[in-house]
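Trainee: Coordinates in work-v4.csv, CSV, C-alpha atoms and all ligand atoms, are listed below.
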```
chain,number,residue,atom,x,y,z
B,173,MET,CA,-55.3,-31.8,21.6
B,174,SER,CA,-53.8,-29.0,19.6
B,175,SER,CA,-52.4,-29.0,16.0
B,176,SER,CA,-48.9,-30.2,15.3
B,177,GLU,CA,-47.7,-26.6,14.8
B,178,ILE,CA,-48.7,-25.7,18.3
B,179,GLU,CA,-47.3,-28.9,19.7
B,180,GLN,CA,-44.0,-28.2,18.0
B,181,ALA,CA,-43.8,-24.7,19.5
B,182,ILE,CA,-44.5,-26.3,22.9
B,183,ALA,CA,-41.9,-28.9,22.4
B,184,LEU,CA,-39.2,-26.4,21.4
B,185,LEU,CA,-40.1,-24.1,24.3
B,186,SER,CA,-40.0,-27.0,26.8
B,187,LYS,CA,-36.3,-27.4,26.0
B,188,LEU,CA,-35.4,-24.1,27.5
B,189,PRO,CA,-33.7,-24.1,31.0
B,190,THR,CA,-36.2,-24.2,33.9
B,191,LEU,CA,-39.1,-24.8,31.5
B,192,GLY,CA,-40.6,-28.2,31.2
B,193,PRO,CA,-43.5,-29.4,29.0
B,194,ARG,CA,-46.2,-28.2,31.5
B,195,SER,CA,-44.9,-24.7,31.8
B,196,ALA,CA,-44.1,-24.5,28.1
B,197,ARG,CA,-47.8,-25.4,27.4
B,198,ARG,CA,-49.0,-22.8,29.8
B,199,ALA,CA,-46.7,-20.2,28.3
B,200,ILE,CA,-47.9,-20.9,24.7
B,201,LEU,CA,-51.5,-20.8,25.8
B,202,PHE,CA,-50.9,-17.5,27.5
B,203,LEU,CA,-49.3,-16.1,24.3
B,204,LEU,CA,-52.1,-17.4,22.1
B,205,THR,CA,-54.6,-15.5,24.3
B,206,LYS,CA,-52.5,-12.3,24.3
B,207,LYS,CA,-51.6,-12.3,20.6
B,208,GLN,CA,-51.3,-8.5,20.2
B,209,THR,CA,-50.0,-7.4,23.6
B,210,HIS,CA,-47.5,-10.2,24.3
B,211,PHE,CA,-47.0,-12.6,21.4
B,212,ALA,CA,-46.2,-10.2,18.6
B,213,PRO,CA,-43.8,-8.0,20.7
B,214,LEU,CA,-42.0,-11.2,22.0
B,215,ILE,CA,-41.4,-12.5,18.5
B,216,GLU,CA,-40.2,-9.1,17.4
B,217,ALA,CA,-37.8,-8.8,20.4
B,218,LEU,CA,-36.5,-12.4,19.9
B,219,LYS,CA,-35.9,-11.8,16.2
B,220,ASN,CA,-34.1,-8.6,16.9
B,221,VAL,CA,-31.8,-10.2,19.4
B,222,HIS,CA,-31.3,-13.2,17.1
B,223,ASP,CA,-30.4,-11.1,14.2
B,224,ASN,CA,-28.1,-8.7,16.0
B,225,ILE,CA,-26.4,-10.6,18.8
B,226,LYS,CA,-22.6,-10.6,18.7
B,227,THR,CA,-19.7,-11.7,20.9
B,228,CYS,CA,-17.7,-8.7,22.2
B,229,PRO,CA,-14.1,-9.0,20.9
B,230,GLU,CA,-12.8,-7.2,24.0
B,231,CYS,CA,-14.4,-9.2,26.8
B,232,GLY,CA,-16.5,-12.1,25.4
B,233,ASN,CA,-19.8,-10.7,26.6
B,234,MET,CA,-22.8,-11.1,24.3
B,235,ASP,CA,-24.6,-8.0,23.2
B,236,THR,CA,-26.2,-6.4,20.1
B,237,SER,CA,-23.5,-3.7,20.0
B,238,VAL,CA,-19.7,-4.1,19.4
B,239,PRO,CA,-18.0,-3.5,21.7
B,240,CYS,CA,-20.6,-4.5,24.3
B,241,ALA,CA,-22.4,-2.0,26.5
B,242,VAL,CA,-20.0,-2.6,29.3
B,243,CYS,CA,-16.8,-2.1,27.3
B,244,SER,CA,-18.1,1.0,25.5
B,245,ASP,CA,-19.2,2.7,28.8
B,246,VAL,CA,-16.7,5.5,29.3
B,247,LEU,CA,-17.5,5.6,33.0
B,248,ARG,CA,-16.2,2.1,33.6
B,249,GLN,CA,-12.7,1.6,35.0
B,250,LYS,CA,-10.9,-0.2,32.2
B,251,SER,CA,-7.9,-1.1,34.4
B,252,LEU,CA,-10.0,-3.3,36.6
B,253,VAL,CA,-10.7,-6.7,34.9
B,254,CYS,CA,-13.0,-9.2,36.5
B,255,VAL,CA,-12.5,-12.8,35.2
B,256,VAL,CA,-15.7,-14.9,34.9
B,257,GLN,CA,-16.3,-18.4,33.6
B,258,ASP,CA,-19.2,-17.5,31.3
B,259,VAL,CA,-21.6,-14.8,30.2
B,260,ALA,CA,-24.3,-15.9,32.8
B,261,ASP,CA,-21.9,-15.0,35.6
B,262,LEU,CA,-21.1,-11.6,33.9
B,263,TRP,CA,-24.8,-10.8,33.7
B,264,ALA,CA,-25.3,-11.9,37.3
B,265,LEU,CA,-22.5,-9.5,38.4
B,266,GLU,CA,-24.0,-6.7,36.3
B,267,ARG,CA,-27.4,-7.3,37.7
B,268,ALA,CA,-26.0,-6.9,41.2
B,269,GLY,CA,-24.3,-3.6,40.1
B,270,ALA,CA,-21.4,-4.4,42.3
B,271,PHE,CA,-18.6,-3.8,39.9
B,272,LYS,CA,-17.5,-0.8,37.9
B,273,GLY,CA,-14.7,-2.2,35.9
B,274,VAL,CA,-14.7,-4.5,32.8
B,275,TYR,CA,-14.8,-8.2,32.4
B,276,HIS,CA,-13.0,-11.1,30.7
B,277,VAL,CA,-15.1,-14.2,29.9
B,278,LEU,CA,-13.0,-17.4,30.0
B,279,GLY,CA,-15.6,-19.6,28.2
B,280,GLY,CA,-15.5,-22.3,31.0
B,281,VAL,CA,-13.0,-23.6,33.6
B,282,LEU,CA,-10.2,-26.1,33.4
B,283,SER,CA,-11.4,-29.6,33.7
B,284,ALA,CA,-9.3,-32.7,33.1
B,285,LEU,CA,-12.4,-34.8,33.2
B,286,ASP,CA,-14.1,-32.9,30.3
B,287,GLY,CA,-10.8,-32.5,28.4
B,288,ILE,CA,-10.8,-28.7,28.9
B,289,GLY,CA,-7.3,-27.4,29.0
B,290,PRO,CA,-5.9,-23.8,28.9
B,291,ASP,CA,-6.0,-23.8,25.1
B,292,GLU,CA,-9.8,-24.2,25.2
B,293,LEU,CA,-10.2,-21.1,27.3
B,294,GLU,CA,-9.6,-17.4,26.8
B,295,ILE,CA,-6.5,-17.5,29.0
B,296,ASP,CA,-3.8,-16.4,26.5
B,297,SER,CA,-5.9,-13.4,25.5
B,298,LEU,CA,-6.1,-12.5,29.2
B,299,VAL,CA,-2.3,-12.7,29.6
B,300,ARG,CA,-1.9,-10.5,26.5
B,301,LYS,CA,-4.4,-8.0,27.8
B,302,VAL,CA,-2.4,-7.7,31.1
B,303,GLU,CA,0.9,-7.5,29.2
B,304,THR,CA,-0.2,-4.3,27.5
B,305,GLY,CA,0.2,-2.7,30.9
B,306,ALA,CA,-3.3,-1.2,30.9
B,307,VAL,CA,-4.6,-3.5,33.7
B,308,SER,CA,-3.9,-2.6,37.3
B,309,GLU,CA,-6.0,-5.4,39.0
B,310,VAL,CA,-7.3,-8.8,37.9
B,311,ILE,CA,-10.3,-10.0,40.0
B,312,LEU,CA,-10.9,-13.7,39.8
B,313,ALA,CA,-14.7,-14.3,40.2
B,314,LEU,CA,-14.6,-18.1,39.5
B,315,PRO,CA,-16.7,-20.8,41.0
B,316,ALA,CA,-15.8,-22.2,44.4
B,317,THR,CA,-15.6,-25.7,42.8
B,318,VAL,CA,-12.4,-27.7,42.4
B,319,GLU,CA,-12.3,-26.8,38.7
B,320,GLY,CA,-12.9,-23.1,39.4
B,321,GLN,CA,-10.2,-22.9,42.0
B,322,THR,CA,-7.7,-24.9,39.8
B,323,THR,CA,-8.4,-22.4,37.1
B,324,ALA,CA,-7.9,-19.5,39.5
B,325,HIS,CA,-4.5,-20.9,40.6
B,326,TYR,CA,-3.5,-21.5,37.0
B,327,ILE,CA,-4.3,-17.9,36.0
B,328,SER,CA,-2.5,-16.6,39.1
B,329,ASP,CA,0.6,-18.5,38.0
B,330,ARG,CA,0.5,-17.3,34.4
B,331,LEU,CA,0.2,-13.7,35.6
B,332,ALA,CA,2.7,-14.0,38.5
B,333,ASP,CA,5.6,-12.3,36.5
B,334,SER,CA,3.4,-9.5,35.2
B,335,GLY,CA,3.3,-7.7,38.6
B,336,VAL,CA,-0.4,-7.1,38.2
B,337,LYS,CA,-2.5,-7.2,41.4
B,338,ILE,CA,-4.6,-10.3,41.6
B,339,SER,CA,-7.5,-10.7,43.9
B,340,ALA,CA,-10.4,-13.1,44.4
B,341,LEU,CA,-14.0,-12.6,45.5
B,342,SER,CA,-14.4,-13.3,49.1
B,343,ARG,CA,-17.3,-15.6,49.6
B,344,GLY,CA,-20.0,-16.6,51.8
B,345,VAL,CA,-20.5,-18.5,48.7
B,346,PRO,CA,-21.4,-22.2,49.0
B,347,VAL,CA,-18.9,-24.7,47.5
B,348,GLY,CA,-20.1,-25.4,44.0
B,349,GLY,CA,-22.4,-22.5,44.1
B,350,GLU,CA,-22.6,-20.6,40.8
B,351,LEU,CA,-22.6,-16.8,40.7
B,352,ASP,CA,-25.9,-16.7,38.7
B,353,TYR,CA,-27.8,-18.2,41.7
B,354,LEU,CA,-26.5,-15.7,44.3
B,355,ASP,CA,-28.5,-12.8,45.4
B,356,ASP,CA,-27.3,-9.3,44.7
B,357,GLY,CA,-26.4,-8.5,48.3
B,358,THR,CA,-24.1,-11.5,48.6
B,359,LEU,CA,-22.4,-10.5,45.3
B,360,GLN,CA,-21.9,-6.9,46.4
B,361,MET,CA,-20.4,-8.1,49.7
B,362,ALA,CA,-18.1,-10.6,47.8
B,363,PHE,CA,-16.7,-7.7,45.7
B,364,LYS,CA,-16.2,-5.3,48.6
B,365,ALA,CA,-14.4,-8.0,50.7
B,366,ARG,CA,-12.2,-9.3,47.8
B,367,ARG,CA,-8.8,-10.5,49.0
B,368,GLU,CA,-5.5,-10.3,47.3
B,369,VAL,CA,-4.1,-13.7,46.1
W,401,ZN,ZN,-17.2,-6.2,26.1
```
Could I get this file's structure written as structure tokens?
Ligand SMILES: [Zn+2]

Mentor:
Amino acid sequence: MSSSEIEQAIALLSKLPTLGPRSARRAILFLLTKKQTHFAPLIEALKNVHDNIKTCPECGNMDTSVPCAVCSDVLRQKSLVCVVQDVADLWALERAGAFKGVYHVLGGVLSALDGIGPDELEIDSLVRKVETGAVSEVILALPATVEGQTTAHYISDRLADSGVKISALSRGVPVGGELDYLDDGTLQMAFKARREV
């Protein structure tokens, strides 16, 4: 058995997504044996992110710079706005490199069951963004779940009078599948074959 400090570190690490107690124990053991090459740099990197992480006021992404790296990239097409439910989906799309516009993070999807209505999501701010006239197309990259599609319809309705082009990702995407779990090729295809709604 190890000391309570080590056990506490294992317990905290085991709470992370995809890690359980066994893999947390293995990870801590690995770090203990690689103190200089892995442990110290990891602590430094985590502390840096912890101290400097901010939510981008323009899109809702999380980054250490404000605006985020996507919004401050002059090569991105600011008139194309891709609507995603959360930062995980934004990062998944960025990883695939399929999109050269900017994003708008909703912070979830509509769900009567969970008591999430339009006011809980960044929908008004999306409408305001479109009303400035600076947006030519809104691409809805929302989950293929009932909640995701309800949210897509709600947003389409709210934007109907604005005259902005609204499209949705085409998908070979399984129902209930989340963007983060899709491979890059599938995401790139979904963007290329997006359809107007
Ligand atoms: Zn941003």

Trainee: Contacts of range 323-326 of chain B at 6 Å or less, counting all atoms listed in the file, minus same-chain residues fewer than 2 places along, as a ChimeraX atom specification?

Mentor: /B:281-282,320-321,328-329

Trainee: Kindly provide the residues of chain B that approach ligand ZN 401 (chain W) to within 8 Å, each paired with its closest atom pair and their distance in Å to one decimal, based on all atoms listed in the file, listed by chain and increasing number, as a tab-separated table.

Mentor:
```
residue	atom	partner	partner_atom	distance
B:Thr227	CA	W:ZN401	ZN	8.0
B:Cys228	CA	W:ZN401	ZN	4.7
B:Pro229	CA	W:ZN401	ZN	6.7
B:Glu230	CA	W:ZN401	ZN	5.0
B:Cys231	CA	W:ZN401	ZN	4.2
B:Gly232	CA	W:ZN401	ZN	6.0
B:Asn233	CA	W:ZN401	ZN	5.2
B:Met234	CA	W:ZN401	ZN	7.7
B:Val238	CA	W:ZN401	ZN	7.5
B:Pro239	CA	W:ZN401	ZN	5.2
B:Cys240	CA	W:ZN401	ZN	4.2
B:Ala241	CA	W:ZN401	ZN	6.7
B:Val242	CA	W:ZN401	ZN	5.6
B:Cys243	CA	W:ZN401	ZN	4.3
B:Ser244	CA	W:ZN401	ZN	7.3
B:Val274	CA	W:ZN401	ZN	7.4
B:Tyr275	CA	W:ZN401	ZN	7.0
B:His276	CA	W:ZN401	ZN	7.9
```

Trainee: May I ask which of the residues B:Ile215, B:Gly357, B:Lys301, B:Ile338 is the closest one to Val369 in chain B, counting only C-alpha atoms?

Mentor: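 Of all the options, B:Ile338 lies closest to Val369 in chain B.
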
Trainee: Take CA of Val253 in chain B and CA of Glu309 in chain B and report the distance between them in Å, one decimal.

Mentor: 6.4 Å

Trainee: Please provide as a list in words all residues within 12 Å of Val299 in chain B, with the sequence filter that same-chain residues fewer than 6 positions apart are discarded (counting only C-alpha atoms).

Mentor: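 Within the cut-off, the hits are Val253, Val255, His276, Leu278, Pro290, Leu293, Gly305, Ala306, Val307, Val310, Tyr326, Ile327, Ser328, Asp329, Arg330, Leu331, Ala332, Asp333, Ser334, Gly335 and Val336 of chain B.
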
Trainee: With C-alpha atoms retained, could you export that selection as a JSON list (two decimals), in the coordinates of the input?

Mentor:
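part05.json written:
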```json
[["chain", "number", "residue", "atom", "x", "y", "z"],
["B", 253, "VAL", "CA", -10.70, -6.70, 34.90],
["B", 255, "VAL", "CA", -12.50, -12.80, 35.20],
["B", 276, "HIS", "CA", -13.00, -11.10, 30.70],
["B", 278, "LEU", "CA", -13.00, -17.40, 30.00],
["B", 290, "PRO", "CA", -5.90, -23.80, 28.90],
["B", 293, "LEU", "CA", -10.20, -21.10, 27.30],
["B", 305, "GLY", "CA", 0.20, -2.70, 30.90],
["B", 306, "ALA", "CA", -3.30, -1.20, 30.90],
["B", 307, "VAL", "CA", -4.60, -3.50, 33.70],
["B", 310, "VAL", "CA", -7.30, -8.80, 37.90],
["B", 326, "TYR", "CA", -3.50, -21.50, 37.00],
["B", 327, "ILE", "CA", -4.30, -17.90, 36.00],
["B", 328, "SER", "CA", -2.50, -16.60, 39.10],
["B", 329, "ASP", "CA", 0.60, -18.50, 38.00],
["B", 330, "ARG", "CA", 0.50, -17.30, 34.40],
["B", 331, "LEU", "CA", 0.20, -13.70, 35.60],
["B", 332, "ALA", "CA", 2.70, -14.00, 38.50],
["B", 333, "ASP", "CA", 5.60, -12.30, 36.50],
["B", 334, "SER", "CA", 3.40, -9.50, 35.20],
["B", 335, "GLY", "CA", 3.30, -7.70, 38.60],
["B", 336, "VAL", "CA", -0.40, -7.10, 38.20]]
```

Trainee: Between CA of Arg197 in chain B and CA of Ile182 in chain B, measure the distance and give it in Å to one decimal.

Mentor: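 Computed distance, CA of Arg197 in chain B to CA of Ile182 in chain B, equals 5.7 Å.
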
Trainee: Return the single residue from B:Thr236, B:Glu177, B:His210, B:Leu184 that is closest to His222 in chain B, with distances computed using all atoms listed in the file.

Mentor: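 Ranked by minimum distance to His222 in chain B, first place goes to B:Thr236.
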
Trainee: For Gly287 in chain B, which residue among B:Lys364, B:Lys250, B:Glu319, B:Arg267 is the nearest when counting all atoms listed in the file?

Mentor: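 The answer is B:Glu319, which sits nearest to Gly287 in chain B.
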
Trainee: Between CA of Asp223 in chain B and CA of Glu294 in chain B, what is the spacing in Å?

Mentor: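 The value is 25.1 Å.
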